[in-house]
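Undergrad: Input model.pdb, format and content: PDB, C-alpha atoms, pLDDT in the B column.
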ATOM      1  CA  MET A  13     138.126  67.448 145.395  1.00 48.00           C
ATOM      2  CA  THR A  14     138.139  67.133 141.616  1.00 55.00           C
ATOM      3  CA  SER A  15     141.672  68.569 141.329  1.00 57.00           C
ATOM      4  CA  LEU A  16     142.984  65.820 143.623  1.00 54.00           C
ATOM      5  CA  THR A  17     141.286  63.156 141.490  1.00 56.00           C
ATOM      6  CA  ASN A  18     142.649  64.711 138.288  1.00 62.00           C
ATOM      7  CA  SER A  19     146.215  64.773 139.638  1.00 69.00           C
ATOM      8  CA  ARG A  20     145.967  61.098 140.634  1.00 70.00           C
ATOM      9  CA  GLY A  21     144.726  60.195 137.167  1.00 77.00           C
ATOM     10  CA  SER A  22     147.506  62.152 135.493  1.00 84.00           C
ATOM     11  CA  ALA A  23     150.104  60.485 137.739  1.00 83.00           C
ATOM     12  CA  VAL A  24     148.858  57.051 136.657  1.00 85.00           C
ATOM     13  CA  VAL A  25     149.014  58.076 132.982  1.00 87.00           C
ATOM     14  CA  GLU A  26     152.531  59.487 133.403  1.00 88.00           C
ATOM     15  CA  PHE A  27     153.641  56.289 135.150  1.00 88.00           C
ATOM     16  CA  ALA A  28     152.164  54.167 132.351  1.00 89.00           C
ATOM     17  CA  LEU A  29     154.078  56.241 129.786  1.00 91.00           C
ATOM     18  CA  VAL A  30     157.404  56.185 131.653  1.00 93.00           C
ATOM     19  CA  LEU A  31     157.365  52.535 132.785  1.00 93.00           C
ATOM     20  CA  PRO A  32     158.277  51.028 129.369  1.00 92.00           C
ATOM     21  CA  LEU A  33     161.221  53.415 129.068  1.00 93.00           C
ATOM     22  CA  VAL A  34     162.466  52.440 132.515  1.00 94.00           C
ATOM     23  CA  LEU A  35     162.139  48.736 131.682  1.00 91.00           C
ATOM     24  CA  ILE A  36     164.017  49.193 128.386  1.00 88.00           C
ATOM     25  CA  ALA A  37     166.814  51.044 130.197  1.00 92.00           C
ATOM     26  CA  LEU A  38     166.991  48.286 132.826  1.00 92.00           C
ATOM     27  CA  GLY A  39     167.128  45.590 130.137  1.00 87.00           C
ATOM     28  CA  ALA A  40     169.890  47.462 128.325  1.00 87.00           C
ATOM     29  CA  ALA A  41     171.890  47.737 131.541  1.00 92.00           C
ATOM     30  CA  VAL A  42     171.548  43.982 132.150  1.00 91.00           C
ATOM     31  CA  GLU A  43     172.639  43.169 128.572  1.00 90.00           C
ATOM     32  CA  LEU A  44     175.617  45.516 128.858  1.00 91.00           C
ATOM     33  CA  THR A  45     176.661  43.812 132.083  1.00 94.00           C
ATOM     34  CA  ILE A  46     176.439  40.365 130.465  1.00 91.00           C
ATOM     35  CA  VAL A  47     178.513  41.497 127.466  1.00 92.00           C
ATOM     36  CA  ALA A  48     181.154  43.056 129.747  1.00 94.00           C
ATOM     37  CA  ARG A  49     181.367  39.876 131.833  1.00 93.00           C
ATOM     38  CA  THR A  50     181.717  37.702 128.734  1.00 92.00           C
ATOM     39  CA  GLN A  51     184.421  40.003 127.361  1.00 94.00           C
ATOM     40  CA  MET A  52     186.374  39.730 130.629  1.00 95.00           C
ATOM     41  CA  GLU A  53     186.097  35.931 130.460  1.00 94.00           C
ATOM     42  CA  LEU A  54     187.465  36.042 126.899  1.00 95.00           C
ATOM     43  CA  VAL A  55     190.418  38.205 127.909  1.00 96.00           C
ATOM     44  CA  ASN A  56     191.273  35.886 130.797  1.00 96.00           C
ATOM     45  CA  ALA A  57     190.962  32.782 128.597  1.00 96.00           C
ATOM     46  CA  ALA A  58     193.183  34.352 125.918  1.00 96.00           C
ATOM     47  CA  ARG A  59     195.753  35.184 128.582  1.00 96.00           C
ATOM     48  CA  GLU A  60     195.644  31.587 129.861  1.00 96.00           C
ATOM     49  CA  GLY A  61     196.050  30.257 126.326  1.00 96.00           C
ATOM     50  CA  ALA A  62     198.979  32.577 125.614  1.00 96.00           C
ATOM     51  CA  ARG A  63     200.638  31.531 128.876  1.00 96.00           C
ATOM     52  CA  THR A  64     200.308  27.885 127.814  1.00 96.00           C
ATOM     53  CA  ALA A  65     201.484  28.630 124.264  1.00 95.00           C
ATOM     54  CA  ALA A  66     204.577  30.367 125.638  1.00 95.00           C
ATOM     55  CA  THR A  67     205.594  27.372 127.719  1.00 94.00           C
ATOM     56  CA  VAL A  68     204.343  24.335 125.719  1.00 94.00           C
ATOM     57  CA  VAL A  69     205.542  23.420 122.231  1.00 92.00           C
ATOM     58  CA  ASP A  70     202.207  22.095 120.903  1.00 93.00           C
ATOM     59  CA  PRO A  71     199.715  24.854 119.875  1.00 94.00           C
ATOM     60  CA  ALA A  72     196.836  22.370 120.260  1.00 95.00           C
ATOM     61  CA  GLU A  73     197.511  22.260 124.008  1.00 95.00           C
ATOM     62  CA  ALA A  74     197.253  26.058 124.142  1.00 95.00           C
ATOM     63  CA  ALA A  75     193.948  25.940 122.267  1.00 95.00           C
ATOM     64  CA  ALA A  76     192.669  23.266 124.671  1.00 95.00           C
ATOM     65  CA  ALA A  77     193.744  25.341 127.685  1.00 95.00           C
ATOM     66  CA  THR A  78     191.919  28.333 126.196  1.00 95.00           C
ATOM     67  CA  ARG A  79     188.729  26.322 125.697  1.00 94.00           C
ATOM     68  CA  ARG A  80     188.949  24.941 129.263  1.00 94.00           C
ATOM     69  CA  ALA A  81     189.283  28.485 130.602  1.00 94.00           C
ATOM     70  CA  LEU A  82     186.206  29.545 128.616  1.00 93.00           C
ATOM     71  CA  GLY A  83     184.024  26.850 130.138  1.00 89.00           C
ATOM     72  CA  SER A  84     180.611  26.556 128.488  1.00 86.00           C
ATOM     73  CA  VAL A  85     181.372  29.325 125.988  1.00 85.00           C
ATOM     74  CA  GLY A  86     184.347  27.315 124.689  1.00 83.00           C
ATOM     75  CA  SER A  87     182.200  25.136 122.429  1.00 86.00           C
ATOM     76  CA  THR A  88     181.164  28.102 120.255  1.00 89.00           C
ATOM     77  CA  ALA A  89     184.507  29.921 120.339  1.00 92.00           C
ATOM     78  CA  ARG A  90     186.948  30.159 117.460  1.00 95.00           C
ATOM     79  CA  VAL A  91     190.430  29.897 118.923  1.00 96.00           C
ATOM     80  CA  SER A  92     193.544  30.695 116.908  1.00 96.00           C
ATOM     81  CA  VAL A  93     197.035  29.973 118.261  1.00 96.00           C
ATOM     82  CA  THR A  94     200.199  31.165 116.549  1.00 95.00           C
ATOM     83  CA  ARG A  95     203.379  29.880 118.179  1.00 94.00           C
ATOM     84  CA  PRO A  96     206.784  30.184 116.535  1.00 94.00           C
ATOM     85  CA  HIS A  97     209.490  27.706 117.532  1.00 91.00           C
ATOM     86  CA  VAL A  98     212.011  30.451 118.289  1.00 92.00           C
ATOM     87  CA  VAL A  99     212.521  31.456 121.913  1.00 92.00           C
ATOM     88  CA  GLY A 100     211.745  35.120 122.463  1.00 92.00           C
ATOM     89  CA  GLU A 101     209.251  35.410 119.578  1.00 95.00           C
ATOM     90  CA  GLU A 102     205.590  36.182 120.267  1.00 95.00           C
ATOM     91  CA  ALA A 103     202.983  33.488 120.839  1.00 96.00           C
ATOM     92  CA  VAL A 104     199.563  34.904 119.961  1.00 97.00           C
ATOM     93  CA  VAL A 105     196.154  33.577 121.003  1.00 97.00           C
ATOM     94  CA  THR A 106     193.029  35.075 119.448  1.00 97.00           C
ATOM     95  CA  ILE A 107     189.468  34.198 120.453  1.00 97.00           C
ATOM     96  CA  MET A 108     186.196  35.121 118.742  1.00 97.00           C
ATOM     97  CA  VAL A 109     182.806  34.257 120.221  1.00 95.00           C
ATOM     98  CA  PRO A 110     179.440  35.185 118.686  1.00 93.00           C
ATOM     99  CA  HIS A 111     177.271  36.644 121.454  1.00 89.00           C
ATOM    100  CA  ARG A 112     173.497  36.995 121.017  1.00 86.00           C
ATOM    101  CA  ILE A 113     172.018  40.197 122.419  1.00 86.00           C
ATOM    102  CA  ALA A 114     168.329  40.468 123.377  1.00 76.00           C
ATOM    103  CA  GLY A 115     167.716  36.916 122.215  1.00 70.00           C
ATOM    104  CA  ALA A 116     164.794  36.317 124.558  1.00 71.00           C
ATOM    105  CA  ILE A 117     162.851  39.371 123.440  1.00 71.00           C
ATOM    106  CA  PHE A 118     163.342  40.003 119.724  1.00 71.00           C
ATOM    107  CA  GLY A 119     165.165  36.902 118.583  1.00 75.00           C
ATOM    108  CA  GLY A 120     168.280  38.995 119.068  1.00 78.00           C
ATOM    109  CA  PHE A 121     171.255  39.796 116.945  1.00 85.00           C
ATOM    110  CA  GLU A 122     174.794  38.506 117.151  1.00 88.00           C
ATOM    111  CA  VAL A 123     177.751  40.606 118.148  1.00 90.00           C
ATOM    112  CA  PRO A 124     181.251  39.142 117.733  1.00 94.00           C
ATOM    113  CA  LEU A 125     183.301  39.457 120.917  1.00 95.00           C
ATOM    114  CA  ARG A 126     187.074  39.164 120.475  1.00 96.00           C
ATOM    115  CA  ALA A 127     190.114  38.899 122.704  1.00 97.00           C
ATOM    116  CA  ARG A 128     193.811  38.639 121.888  1.00 97.00           C
ATOM    117  CA  SER A 129     196.793  37.951 124.090  1.00 97.00           C
ATOM    118  CA  VAL A 130     200.513  37.910 123.291  1.00 97.00           C
ATOM    119  CA  MET A 131     203.376  36.406 125.313  1.00 96.00           C
ATOM    120  CA  ARG A 132     207.000  35.637 124.535  1.00 96.00           C
ATOM    121  CA  VAL A 133     207.915  32.005 123.840  1.00 95.00           C
ATOM    122  CA  GLU A 134     209.980  30.611 126.717  1.00 91.00           C
ATOM    123  CA  LEU A 135     210.734  27.036 125.612  1.00 79.00           C
TER     124      LEU A 135
END
Can I see the file as structure tokens?

TA:
Amino acid sequence: MTSLTNSRGSAVVEFALVLPLVLIALGAAVELTIVARTQMELVNAAREGARTAATVVDPAEAAAATRRALGSVGSTARVSVTRPHVVGEEAVVTIMVPHRIAGAIFGGFEVPLRARSVMRVEL
């Protein structure tokens, strides 16, 4: 009977030792998913801004379209629009957003997320 009690006690100790590692791995997976989602939003917003820059003469309209596509992240984003006035040249939209990782646990650290999109000027 004592060997059964000892194996139960060792299982509880092993679980207590492994549980923090499992929780850290789960937290890392959640953070990675959030960063990947934010990066996809940046790429889509840069593409939207480049599409606007290619068809509208004013670069400020392209920057505004980019910020609208970013939604709530748009207020912290740095948006750069380069649009030449020559048809066929490249209009370039670059976005940089500081993203805080593990902010709720350790105060976090910032990672810059960037996206860039290029389209040919049509008008």

Undergrad: For a quick check of understanding, using all atoms listed in the file, which of A:Val123, A:Ala114, A:Ala62, A:Val133 has the smallest distance to Ala41 in chain A?

TA: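 So, comparing all the options, the nearest one is A:Ala114.
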
Undergrad: Contacts of Thr67 in chain A at 6 Å or less, counting all atoms listed in the file, minus same-chain residues fewer than 3 places along, as a PDB file with C-alpha atoms, in the coordinates of the input?

TA:
ATOM      1  CA  THR A  64     200.308  27.885 127.814  1.00 96.00           C
ATOM      2  CA  GLU A 134     209.980  30.611 126.717  1.00 91.00           C
ATOM      3  CA  LEU A 135     210.734  27.036 125.612  1.00 79.00           C
TER       4      LEU A 135
END

Undergrad: Which residue is closest to Ser84 in chain A? Choose from A:Val24, A:Leu54, A:Ile117, A:Leu31 and count only C-alpha atoms.

TA: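 Residue with the minimum atom-to-atom distance to Ser84 in chain A: A:Leu54.
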
Undergrad: Would you kindly return, as a PyMOL selection string, each protein, DNA or RNA residue with an atom no farther than 12 Å from any atom of Val47 in chain A, considering only C-alpha atoms and excluding same-chain residues fewer than 6 positions away?

TA: chain A and resi 40-41+53-54+109-114+122-126

Undergrad: Using C-alpha atoms, can you write the selected residues to a file as a PDB file, in the coordinates of the input?

TA:
ATOM      1  CA  ALA A  40     169.890  47.462 128.325  1.00 87.00           C
ATOM      2  CA  ALA A  41     171.890  47.737 131.541  1.00 92.00           C
ATOM      3  CA  GLU A  53     186.097  35.931 130.460  1.00 94.00           C
ATOM      4  CA  LEU A  54     187.465  36.042 126.899  1.00 95.00           C
ATOM      5  CA  VAL A 109     182.806  34.257 120.221  1.00 95.00           C
ATOM      6  CA  PRO A 110     179.440  35.185 118.686  1.00 93.00           C
ATOM      7  CA  HIS A 111     177.271  36.644 121.454  1.00 89.00           C
ATOM      8  CA  ARG A 112     173.497  36.995 121.017  1.00 86.00           C
ATOM      9  CA  ILE A 113     172.018  40.197 122.419  1.00 86.00           C
ATOM     10  CA  ALA A 114     168.329  40.468 123.377  1.00 76.00           C
ATOM     11  CA  GLU A 122     174.794  38.506 117.151  1.00 88.00           C
ATOM     12  CA  VAL A 123     177.751  40.606 118.148  1.00 90.00           C
ATOM     13  CA  PRO A 124     181.251  39.142 117.733  1.00 94.00           C
ATOM     14  CA  LEU A 125     183.301  39.457 120.917  1.00 95.00           C
ATOM     15  CA  ARG A 126     187.074  39.164 120.475  1.00 96.00           C
TER      16      ARG A 126
END

Undergrad: Considering all atoms listed in the file, return as a PyMOL selection string whatever protein or nucleic-acid residues lie within 10 Å of Leu82 in chain A, sequence-local ones (same chain, fewer than 6 positions apart) excluded.

TA: chain A and resi 50+53-58+60+76+88-89+107

Undergrad: If I take CA of Arg132 in chain A and CA of Pro71 in chain A, how far is one from the other in Å, to one decimal?

TA: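 These atoms are spaced 13.8 Å apart.
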
Undergrad: So how many Å separate CA of Ala116 in chain A and CA of Gln51 in chain A, to one decimal?

TA: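 Value for the CA of Ala116 in chain A-CA of Gln51 in chain A distance: 20.2 Å.
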
Undergrad: Quick one, how far is CA of Ile46 in chain A from CA of Ala77 in chain A?

TA: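 Result for CA of Ile46 in chain A versus CA of Ala77 in chain A: 23.1 Å, one decimal.
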
Undergrad: Can you translate the PyMOL selection byres ((chain A and resi 104) around 9) into the concrete residues it hits in this file, as a PyMOL selection string?

TA: chain A and resi 58+61-62+65-66+92-95+102-103+105-106+128-132

Undergrad: Quick one: 4 Å padding each side, axis-aligned, all listed atoms of range 103-122 of chain A - centre and edge lengths in Å to one decimal, as JSON?

TA:
{"center_x": 182.9, "center_y": 37.0, "center_z": 120.8, "size_x": 48.1, "size_y": 15.0, "size_z": 15.6}

Undergrad: Where atoms are absent from range 41-55 of chain A, fill them in so it carries N, CA and C atoms, then output it as a compact mmCIF listing (two decimals), in the frame of the given file.

TA:
# COMPACT_ATOMS: atom_id res chain seq x y z
N ALA A 41 170.83 47.81 130.53
CA ALA A 41 171.89 47.74 131.54
C ALA A 41 172.26 46.28 131.84
N VAL A 42 171.28 45.40 131.91
CA VAL A 42 171.55 43.98 132.15
C VAL A 42 172.33 43.39 130.99
N GLU A 43 171.92 43.67 129.75
CA GLU A 43 172.64 43.17 128.57
C GLU A 43 174.08 43.68 128.53
N LEU A 44 174.27 44.94 128.84
CA LEU A 44 175.62 45.52 128.86
C LEU A 44 176.49 44.83 129.90
N THR A 45 175.93 44.51 131.04
CA THR A 45 176.66 43.81 132.08
C THR A 45 177.05 42.40 131.63
N ILE A 46 176.14 41.72 130.95
CA ILE A 46 176.44 40.36 130.46
C ILE A 46 177.54 40.41 129.41
N VAL A 47 177.48 41.37 128.50
CA VAL A 47 178.51 41.50 127.47
C VAL A 47 179.87 41.81 128.10
N ALA A 48 179.89 42.70 129.08
CA ALA A 48 181.15 43.06 129.75
C ALA A 48 181.74 41.85 130.48
N ARG A 49 180.89 41.07 131.13
CA ARG A 49 181.37 39.88 131.83
C ARG A 49 181.93 38.85 130.85
N THR A 50 181.24 38.65 129.74
CA THR A 50 181.72 37.70 128.73
C THR A 50 183.04 38.17 128.14
N GLN A 51 183.17 39.47 127.90
CA GLN A 51 184.42 40.00 127.36
C GLN A 51 185.57 39.79 128.34
N MET A 52 185.33 39.98 129.63
CA MET A 52 186.37 39.73 130.63
C MET A 52 186.77 38.26 130.66
N GLU A 53 185.79 37.36 130.51
CA GLU A 53 186.10 35.93 130.46
C GLU A 53 186.95 35.61 129.24
N LEU A 54 186.67 36.25 128.10
CA LEU A 54 187.46 36.04 126.90
C LEU A 54 188.90 36.51 127.09
N VAL A 55 189.07 37.67 127.68
CA VAL A 55 190.42 38.20 127.91
C VAL A 55 191.21 37.28 128.82
